[in-house]
Amino acid sequence: MAAKKLSLKDKYSLLTRDLDWEFSYQDRKEAFPFEEFEGIKITDWSKWEDPFRLTMDAYWKYQAEKEKKLYAIFDAFAQNNGQLNVSDPRYVNAIKLFLTGISPQEYQAHQGFAHIGRQYGGVGARVACQMQSLDELRHVQTQVHAMSHYNKFFDGFQNWSHMQDRVWYLSVPTSFFHDARSAGPFEFLVAIGFSFEYVLTNLLFVPFMSGAAYNGDMATVTFGFSAQSDEARHMTLGLEVIKFLLEQHEDNVPIVQKWIDKWFWRGTRLLSLVGMMMDYMLPNKVMSWQEAWEIYFEEAGGALFKDLARYGITMPKYAELVEKEKEHVSHQTWWTFYTHGHAAGFHTWIPTDEELDWLSEKYPNTFDKYYRPRWELARKLEAEGKRFYTKALPQLCTTCQIPMLFTEMDDPTQISYRDTVYKGERYHFCSDGCCDIFNDEPEKFVQSWLPVHQIFQGNCGGPGVEQVLGEYYKMNLGADNLDIKGSPDEKRWKQWKGVA
Amino acid sequence: MPVHAYTPDYNGEVRDRVGNFHGNQIVYLGWDHHLMFCAAFAFPVPPTLTFRLLRDEVMVEGFEPHPEWSRIDWDRATWLLNGQVFEPQLDVALIDQGIDHKSLLRFQTPDLKGFQDAGV
């Protein structure tokens, strides 16, 4: 008679590796058709070490426990009018950016992992990806639930899913994931599992979740804690895939290095949004973007790449450029949103005196010299009753889709322009990093859905920018957009707090 | 290097070809060292537009809010077309002087150094 209760080891084996079977009458290559076209060579899938050491039944039980606690706190937050305890109504705009910019990408991560969780020949990798796929789905759901409470009291939360693949700045994270999801299964896992989840994720989650804690947002903090243990697993998967690919065959090394270079660069461009959130959108600041970059990339990432050196992997290309850009990008990015505040789905503002001084202190080499004058001009214009909103539309980078706002690090008031001609068409880029990515796969990036060009082609409604924003993006004009000064958000806050 | 694609001879659709812009072409215009404008502007204009109209009517829309815009001495301004030194001919059509679809025109005004002389 079989034992009533399986040992942990037996259960683990039955519920993971034992889910696979030998193919006796079908060609394995036909069952896993995407496994070879990227040029990756796998000689022995059995060498894959399961990073999660978790079976599906334990996974459900564990996640259900976490959900119970999480939703109890959401309920308490709602019943106690937790929205009144945030530091300042400006803070809420940071989570509008999170809900519209990040949460839909959790869903794309879910879709991507579900896809590759079918495509690997090795069962260990398939099971790990399926679990991560479920995690990502859980994250988008819990984020939406955490923030839905704010939707009752603040503008700008209502149309996040509609906006995802339409709004000019949301095309940045959206196209990032489209690029990864339309790649092969190994590139996807290096892109999202390793480069993003392992190398850069702390730069996304720590700032947002600490920012929430510093600014009295219990709902978002709690979501962050609930996701944290998942993120730890995701990081383990990211590292496992890199080691596995590098150990399987030496021919994989240059391919993996190329993907690391590409996705490190794409990731840092994407994180410009987090930089501006930390330095400008959090009323109570956690640390500067520069400090975060130094701790989470230069120290932690530096140690990681030292470890990977034995496989022949080097620091990502252009890491030394980012070391200079860390003193500039948050200022350049927030200025872009400030000057495009009429076209943003959240509010923008000029930093207060104290905030300007904090920025001077945190960025002694750059802020007073290059960026404080921009805010002094903005103040002058605002005082004259001419709050500056730029009128024409910006040139975008073909690869990252960010307006071409980055400057030359040896000449920081000069925009960095790069271009290339492919089959008679000229393409523009913000950087050598983005230009290299295009040149490596021009057939893919000629399709870039650049929001500014799409507006000019008449594909986003119109004819005017107002119609694009109101009808195509579905922003509530006059409520979701413009400066925080005089906004309905600000008026309501003052009423709740009883201040004039 | 060609794309690594599952589909043989994969080639994406070129979304920004000039034919998609209903008779217009895109011209980008950037004022070097004037970062009140976070990036160069993109303007959809007819290829037959003269340079004078581009400068005096189209560009005004974007650049006019800058405190130094009205002080530009165009005789002293210098231009780059796609990175090459360029002498615009005011009454010649854009396309007839080599300013084609998705061309980048940059101009420099060395006497004007931006708000507070800070490149803003």
# chains A, B, ... in the order shown; residues from 1 in each chain; ligands from 1
>>> residues_around(residues="A:Met235", least_positions_apart="6", cutoff="7 Å", atoms="only C-alpha atoms", output="ChimeraX atom specification")
/A:193,197-198
>>> residues_around(residues="stretch 362-379 of chain A", least_positions_apart="3", cutoff="10 Å", atoms="only C-alpha atoms", output="VMD selection string")
(chain A and resid 279 287 to 291 326 to 328 331 to 332 335 338 to 339 349 to 352 356 to 359 382 to 389 412 to 413) or (chain B and resid 35 to 37 66 to 67 114 to 120)
>>> closest_atom_pairs(of="stretch 39-111 of chain B", to="stretch 13-19 of chain B", cutoff="10 Å", atoms="only C-alpha atoms", output="JSON lines")
{"residue": "B:Asp100", "atom": "CA", "partner": "B:Val18", "partner_atom": "CA", "distance": 9.3}
{"residue": "B:His101", "atom": "CA", "partner": "B:Val18", "partner_atom": "CA", "distance": 6.3}
{"residue": "B:Lys102", "atom": "CA", "partner": "B:Val18", "partner_atom": "CA", "distance": 8.5}
>>> closest_atom_pairs(of="chain B", to="chain A", cutoff="6 Å", atoms="only C-alpha atoms", output="tab-separated table")
residue	atom	partner	partner_atom	distance
B:Met1	CA	A:Asp440	CA	5.2
B:Pro2	CA	A:Glu441	CA	5.7
B:Val3	CA	A:Glu441	CA	4.5
B:His4	CA	A:Glu38	CA	5.8
B:Tyr6	CA	A:Phe37	CA	5.9
B:Asn11	CA	A:Glu443	CA	4.8
B:Gly12	CA	A:Glu443	CA	5.3
B:Glu13	CA	A:Gln447	CA	5.5
B:Val14	CA	A:Val446	CA	5.0
B:Arg15	CA	A:Gln447	CA	5.3
B:Phe21	CA	A:Gln457	CA	4.9
B:His33	CA	A:Thr413	CA	5.2
B:Cys38	CA	A:Leu405	CA	5.3
B:Ala39	CA	A:Leu405	CA	4.8
B:Ala40	CA	A:Gln395	CA	5.5
B:Phe41	CA	A:Pro394	CA	4.4
B:Ala42	CA	A:Gln395	CA	5.2
B:Gly62	CA	A:Ala392	CA	4.9
B:Gly119	CA	A:Thr413	CA	5.6
>>> write_last_selection(atoms="N, CA and C atoms", output="compact mmCIF listing (two decimals), in the first residue's frame")
# COMPACT_ATOMS: atom_id res chain seq x y z
N MET B 1 23.26 43.45 -39.03
CA MET B 1 22.96 42.05 -38.72
C MET B 1 21.47 41.82 -38.81
N PRO B 2 21.04 40.75 -39.51
CA PRO B 2 19.58 40.59 -39.65
C PRO B 2 18.92 40.12 -38.36
N VAL B 3 17.65 40.40 -38.27
CA VAL B 3 16.85 40.00 -37.12
C VAL B 3 16.84 38.47 -37.00
N HIS B 4 16.83 37.99 -35.77
CA HIS B 4 16.63 36.55 -35.55
C HIS B 4 15.15 36.31 -35.41
N TYR B 6 11.56 33.87 -36.16
CA TYR B 6 11.03 32.53 -36.38
C TYR B 6 10.53 32.41 -37.82
N ASN B 11 10.27 40.84 -42.18
CA ASN B 11 10.45 42.25 -42.45
C ASN B 11 9.23 43.01 -41.97
N GLY B 12 9.40 43.86 -40.99
CA GLY B 12 8.26 44.62 -40.47
C GLY B 12 7.83 45.71 -41.44
N GLU B 13 6.61 46.15 -41.23
CA GLU B 13 6.06 47.23 -42.06
C GLU B 13 6.71 48.56 -41.62
N VAL B 14 7.13 49.36 -42.59
CA VAL B 14 7.73 50.65 -42.26
C VAL B 14 6.58 51.63 -41.95
N ARG B 15 6.35 51.90 -40.68
CA ARG B 15 5.17 52.69 -40.32
C ARG B 15 5.30 54.17 -40.63
N PHE B 21 1.74 60.09 -44.54
CA PHE B 21 1.49 61.38 -43.89
C PHE B 21 0.61 62.31 -44.73
N HIS B 33 21.31 74.20 -27.53
CA HIS B 33 21.56 74.88 -26.26
C HIS B 33 20.40 75.76 -25.80
N CYS B 38 12.27 70.68 -24.30
CA CYS B 38 12.98 69.49 -23.84
C CYS B 38 13.61 68.71 -24.99
N ALA B 39 13.05 68.85 -26.18
CA ALA B 39 13.54 68.07 -27.33
C ALA B 39 13.30 68.90 -28.59
N ALA B 40 13.85 68.43 -29.71
CA ALA B 40 13.52 69.07 -30.99
C ALA B 40 12.03 68.85 -31.26
N PHE B 41 11.44 69.73 -32.07
CA PHE B 41 10.03 69.57 -32.43
C PHE B 41 9.92 68.81 -33.75
N ALA B 42 8.80 68.11 -33.88
CA ALA B 42 8.47 67.44 -35.14
C ALA B 42 7.33 68.22 -35.79
N GLY B 62 6.21 76.60 -32.28
CA GLY B 62 6.90 75.89 -31.20
C GLY B 62 7.83 76.79 -30.38
N GLY B 119 21.91 77.85 -21.16
CA GLY B 119 21.52 76.86 -22.17
C GLY B 119 20.07 76.41 -22.05
>>> closest_residue(among="B:Glu61, B:Glu87, B:Asp111, B:Asp73", to="B:Leu29", atoms="only C-alpha atoms")
B:Glu61
>>> select_by_dssp(residues="stretch 161-298 of chain A", states="alpha helix (DSSP H)", output="number ranges by chain")
A: 161-163, 171-181, 185-188, 201-214, 218-248, 252-270, 272-276, 289-292
>>> residues_around(residues="A:Thr174", least_positions_apart="4", cutoff="7 Å", atoms="only C-alpha atoms", output="list in words")
Gln105, Gln164, Asp165, Leu170 and His178 of chain A
>>> residues_around(residues="A:Gln467", least_positions_apart="5", cutoff="12 Å", atoms="only C-alpha atoms", output="ChimeraX atom specification")
/A:343,455,458-462,472-477
>>> atom_distance(atom1="atom CA of A:Leu204", atom2="atom CA of A:Arg138")
17.7 Å
>>> select_by_dssp(residues="stretch 2-107 of chain B", states="strand (DSSP E or B)", output="ChimeraX atom specification")
/B:25-31,41-45,50,78-81,84-86,93,103-107
>>> residues_around(residues="A:Phe176", least_positions_apart="6", cutoff="10 Å", atoms="only C-alpha atoms", output="ChimeraX atom specification")
/A:105,191-192,263,266-267,269-270,399-401
>>> atom_distance(atom1="atom CA of A:Ala125", atom2="atom CA of A:Asp307")
22.5 Å
>>> decode(residues="stretch 159-285 of chain A", atoms="C-alpha atoms", output="PDB file, in the first residue's frame")
ATOM      1  CA  ASN A 159      -8.820  54.790 -17.916  1.00  0.00           C
ATOM      2  CA  TRP A 160      -5.486  53.117 -17.353  1.00  0.00           C
ATOM      3  CA  SER A 161      -6.124  50.061 -19.501  1.00  0.00           C
ATOM      4  CA  HIS A 162      -7.548  52.108 -22.366  1.00  0.00           C
ATOM      5  CA  MET A 163      -4.566  54.441 -22.215  1.00  0.00           C
ATOM      6  CA  GLN A 164      -1.887  51.770 -22.184  1.00  0.00           C
ATOM      7  CA  ASP A 165      -1.239  51.467 -25.902  1.00  0.00           C
ATOM      8  CA  ARG A 166      -2.352  54.966 -26.863  1.00  0.00           C
ATOM      9  CA  VAL A 167      -0.843  57.662 -24.659  1.00  0.00           C
ATOM     10  CA  TRP A 168       2.461  59.092 -25.869  1.00  0.00           C
ATOM     11  CA  TYR A 169       4.510  58.418 -22.734  1.00  0.00           C
ATOM     12  CA  LEU A 170       2.857  55.070 -21.968  1.00  0.00           C
ATOM     13  CA  SER A 171       4.107  53.822 -25.327  1.00  0.00           C
ATOM     14  CA  VAL A 172       7.528  53.770 -23.648  1.00  0.00           C
ATOM     15  CA  PRO A 173       6.870  50.888 -21.199  1.00  0.00           C
ATOM     16  CA  THR A 174       4.338  49.286 -23.547  1.00  0.00           C
ATOM     17  CA  SER A 175       6.761  49.080 -26.473  1.00  0.00           C
ATOM     18  CA  PHE A 176       9.476  47.840 -24.106  1.00  0.00           C
ATOM     19  CA  PHE A 177       7.331  44.792 -23.353  1.00  0.00           C
ATOM     20  CA  HIS A 178       6.165  44.398 -26.949  1.00  0.00           C
ATOM     21  CA  ASP A 179       9.818  44.170 -27.926  1.00  0.00           C
ATOM     22  CA  ALA A 180      10.493  41.492 -25.291  1.00  0.00           C
ATOM     23  CA  ARG A 181       7.325  39.512 -25.996  1.00  0.00           C
ATOM     24  CA  SER A 182       7.910  39.436 -29.733  1.00  0.00           C
ATOM     25  CA  ALA A 183      11.446  38.124 -29.214  1.00  0.00           C
ATOM     26  CA  GLY A 184      12.186  34.434 -28.806  1.00  0.00           C
ATOM     27  CA  PRO A 185      11.708  32.649 -25.476  1.00  0.00           C
ATOM     28  CA  PHE A 186      15.345  32.908 -24.399  1.00  0.00           C
ATOM     29  CA  GLU A 187      15.640  36.594 -25.176  1.00  0.00           C
ATOM     30  CA  PHE A 188      12.406  37.233 -23.281  1.00  0.00           C
ATOM     31  CA  LEU A 189      13.767  35.510 -20.217  1.00  0.00           C
ATOM     32  CA  VAL A 190      17.102  37.348 -20.374  1.00  0.00           C
ATOM     33  CA  ALA A 191      15.239  40.634 -20.984  1.00  0.00           C
ATOM     34  CA  ILE A 192      12.573  40.402 -18.312  1.00  0.00           C
ATOM     35  CA  GLY A 193      13.793  37.651 -16.011  1.00  0.00           C
ATOM     36  CA  PHE A 194      17.407  38.696 -15.795  1.00  0.00           C
ATOM     37  CA  SER A 195      18.020  42.252 -17.024  1.00  0.00           C
ATOM     38  CA  PHE A 196      14.848  43.676 -15.568  1.00  0.00           C
ATOM     39  CA  GLU A 197      13.883  41.470 -12.647  1.00  0.00           C
ATOM     40  CA  TYR A 198      17.356  40.682 -11.444  1.00  0.00           C
ATOM     41  CA  VAL A 199      19.529  43.643 -12.354  1.00  0.00           C
ATOM     42  CA  LEU A 200      17.082  46.554 -12.275  1.00  0.00           C
ATOM     43  CA  THR A 201      13.959  45.578 -10.335  1.00  0.00           C
ATOM     44  CA  ASN A 202      15.144  47.047  -7.037  1.00  0.00           C
ATOM     45  CA  LEU A 203      15.303  50.394  -8.765  1.00  0.00           C
ATOM     46  CA  LEU A 204      11.622  50.132  -9.553  1.00  0.00           C
ATOM     47  CA  PHE A 205      10.114  48.508  -6.489  1.00  0.00           C
ATOM     48  CA  VAL A 206      12.191  49.929  -3.679  1.00  0.00           C
ATOM     49  CA  PRO A 207      11.645  53.568  -4.717  1.00  0.00           C
ATOM     50  CA  PHE A 208       7.898  53.148  -5.247  1.00  0.00           C
ATOM     51  CA  MET A 209       7.272  51.115  -2.108  1.00  0.00           C
ATOM     52  CA  SER A 210       9.562  53.162   0.134  1.00  0.00           C
ATOM     53  CA  GLY A 211       8.030  56.249  -1.427  1.00  0.00           C
ATOM     54  CA  ALA A 212       4.607  54.952  -0.448  1.00  0.00           C
ATOM     55  CA  ALA A 213       5.805  54.295   3.114  1.00  0.00           C
ATOM     56  CA  TYR A 214       7.371  57.747   3.434  1.00  0.00           C
ATOM     57  CA  ASN A 215       4.206  59.357   2.135  1.00  0.00           C
ATOM     58  CA  GLY A 216       1.583  57.587   4.217  1.00  0.00           C
ATOM     59  CA  ASP A 217       0.211  55.302   1.507  1.00  0.00           C
ATOM     60  CA  MET A 218      -0.484  52.109   3.441  1.00  0.00           C
ATOM     61  CA  ALA A 219      -2.325  50.394   0.588  1.00  0.00           C
ATOM     62  CA  THR A 220       0.617  50.580  -1.789  1.00  0.00           C
ATOM     63  CA  VAL A 221       3.150  49.673   0.908  1.00  0.00           C
ATOM     64  CA  THR A 222       1.184  46.555   1.734  1.00  0.00           C
ATOM     65  CA  PHE A 223       0.900  45.569  -1.877  1.00  0.00           C
ATOM     66  CA  GLY A 224       4.667  46.027  -2.103  1.00  0.00           C
ATOM     67  CA  PHE A 225       5.330  43.691   0.810  1.00  0.00           C
ATOM     68  CA  SER A 226       2.984  41.123  -0.627  1.00  0.00           C
ATOM     69  CA  ALA A 227       4.794  41.234  -3.965  1.00  0.00           C
ATOM     70  CA  GLN A 228       8.265  41.264  -2.439  1.00  0.00           C
ATOM     71  CA  SER A 229       8.544  37.530  -1.805  1.00  0.00           C
ATOM     72  CA  ASP A 230       7.409  36.909  -5.393  1.00  0.00           C
ATOM     73  CA  GLU A 231      10.043  39.338  -6.639  1.00  0.00           C
ATOM     74  CA  ALA A 232      12.699  37.454  -4.706  1.00  0.00           C
ATOM     75  CA  ARG A 233      11.697  34.273  -6.540  1.00  0.00           C
ATOM     76  CA  HIS A 234      11.722  36.108  -9.865  1.00  0.00           C
ATOM     77  CA  MET A 235      15.240  37.285  -9.228  1.00  0.00           C
ATOM     78  CA  THR A 236      16.305  33.710  -8.543  1.00  0.00           C
ATOM     79  CA  LEU A 237      14.797  32.616 -11.851  1.00  0.00           C
ATOM     80  CA  GLY A 238      16.555  35.466 -13.663  1.00  0.00           C
ATOM     81  CA  LEU A 239      19.917  34.436 -12.294  1.00  0.00           C
ATOM     82  CA  GLU A 240      19.313  30.743 -12.930  1.00  0.00           C
ATOM     83  CA  VAL A 241      18.526  31.301 -16.589  1.00  0.00           C
ATOM     84  CA  ILE A 242      21.726  33.258 -17.138  1.00  0.00           C
ATOM     85  CA  LYS A 243      23.901  30.644 -15.459  1.00  0.00           C
ATOM     86  CA  PHE A 244      22.117  27.820 -17.238  1.00  0.00           C
ATOM     87  CA  LEU A 245      22.501  29.374 -20.685  1.00  0.00           C
ATOM     88  CA  LEU A 246      26.151  30.204 -20.095  1.00  0.00           C
ATOM     89  CA  GLU A 247      26.968  26.740 -18.800  1.00  0.00           C
ATOM     90  CA  GLN A 248      25.138  24.909 -21.563  1.00  0.00           C
ATOM     91  CA  HIS A 249      27.314  26.015 -24.474  1.00  0.00           C
ATOM     92  CA  GLU A 250      30.078  28.545 -25.048  1.00  0.00           C
ATOM     93  CA  ASP A 251      28.364  29.716 -28.242  1.00  0.00           C
ATOM     94  CA  ASN A 252      25.615  31.113 -26.022  1.00  0.00           C
ATOM     95  CA  VAL A 253      27.964  33.625 -24.387  1.00  0.00           C
ATOM     96  CA  PRO A 254      28.043  36.312 -27.110  1.00  0.00           C
ATOM     97  CA  ILE A 255      24.287  36.000 -27.682  1.00  0.00           C
ATOM     98  CA  VAL A 256      23.553  36.415 -23.977  1.00  0.00           C
ATOM     99  CA  GLN A 257      25.987  39.333 -23.731  1.00  0.00           C
ATOM    100  CA  LYS A 258      24.225  41.068 -26.617  1.00  0.00           C
ATOM    101  CA  TRP A 259      20.855  40.640 -24.907  1.00  0.00           C
ATOM    102  CA  ILE A 260      22.226  41.894 -21.593  1.00  0.00           C
ATOM    103  CA  ASP A 261      23.615  44.976 -23.341  1.00  0.00           C
ATOM    104  CA  LYS A 262      20.336  45.608 -25.122  1.00  0.00           C
ATOM    105  CA  TRP A 263      18.022  45.124 -22.153  1.00  0.00           C
ATOM    106  CA  PHE A 264      20.223  46.932 -19.691  1.00  0.00           C
ATOM    107  CA  TRP A 265      20.085  49.927 -21.991  1.00  0.00           C
ATOM    108  CA  ARG A 266      16.341  49.656 -22.623  1.00  0.00           C
ATOM    109  CA  GLY A 267      15.793  49.209 -18.877  1.00  0.00           C
ATOM    110  CA  THR A 268      17.764  52.281 -17.884  1.00  0.00           C
ATOM    111  CA  ARG A 269      15.877  54.403 -20.396  1.00  0.00           C
ATOM    112  CA  LEU A 270      12.590  53.105 -18.980  1.00  0.00           C
ATOM    113  CA  LEU A 271      13.736  53.857 -15.440  1.00  0.00           C
ATOM    114  CA  SER A 272      14.039  57.571 -16.277  1.00  0.00           C
ATOM    115  CA  LEU A 273      10.382  57.636 -15.253  1.00  0.00           C
ATOM    116  CA  VAL A 274      11.265  56.240 -11.832  1.00  0.00           C
ATOM    117  CA  GLY A 275      14.081  58.755 -11.465  1.00  0.00           C
ATOM    118  CA  MET A 276      11.752  61.702 -11.944  1.00  0.00           C
ATOM    119  CA  MET A 277       9.215  60.100  -9.616  1.00  0.00           C
ATOM    120  CA  MET A 278      11.812  59.873  -6.831  1.00  0.00           C
ATOM    121  CA  ASP A 279      13.350  63.296  -7.263  1.00  0.00           C
ATOM    122  CA  TYR A 280      10.263  65.327  -8.121  1.00  0.00           C
ATOM    123  CA  MET A 281       6.974  63.552  -7.433  1.00  0.00           C
ATOM    124  CA  LEU A 282       7.472  62.299  -3.868  1.00  0.00           C
ATOM    125  CA  PRO A 283       6.714  65.093  -1.403  1.00  0.00           C
ATOM    126  CA  ASN A 284       8.625  63.170   1.289  1.00  0.00           C
ATOM    127  CA  LYS A 285      11.729  61.958  -0.445  1.00  0.00           C
TER     128      LYS A 285
END
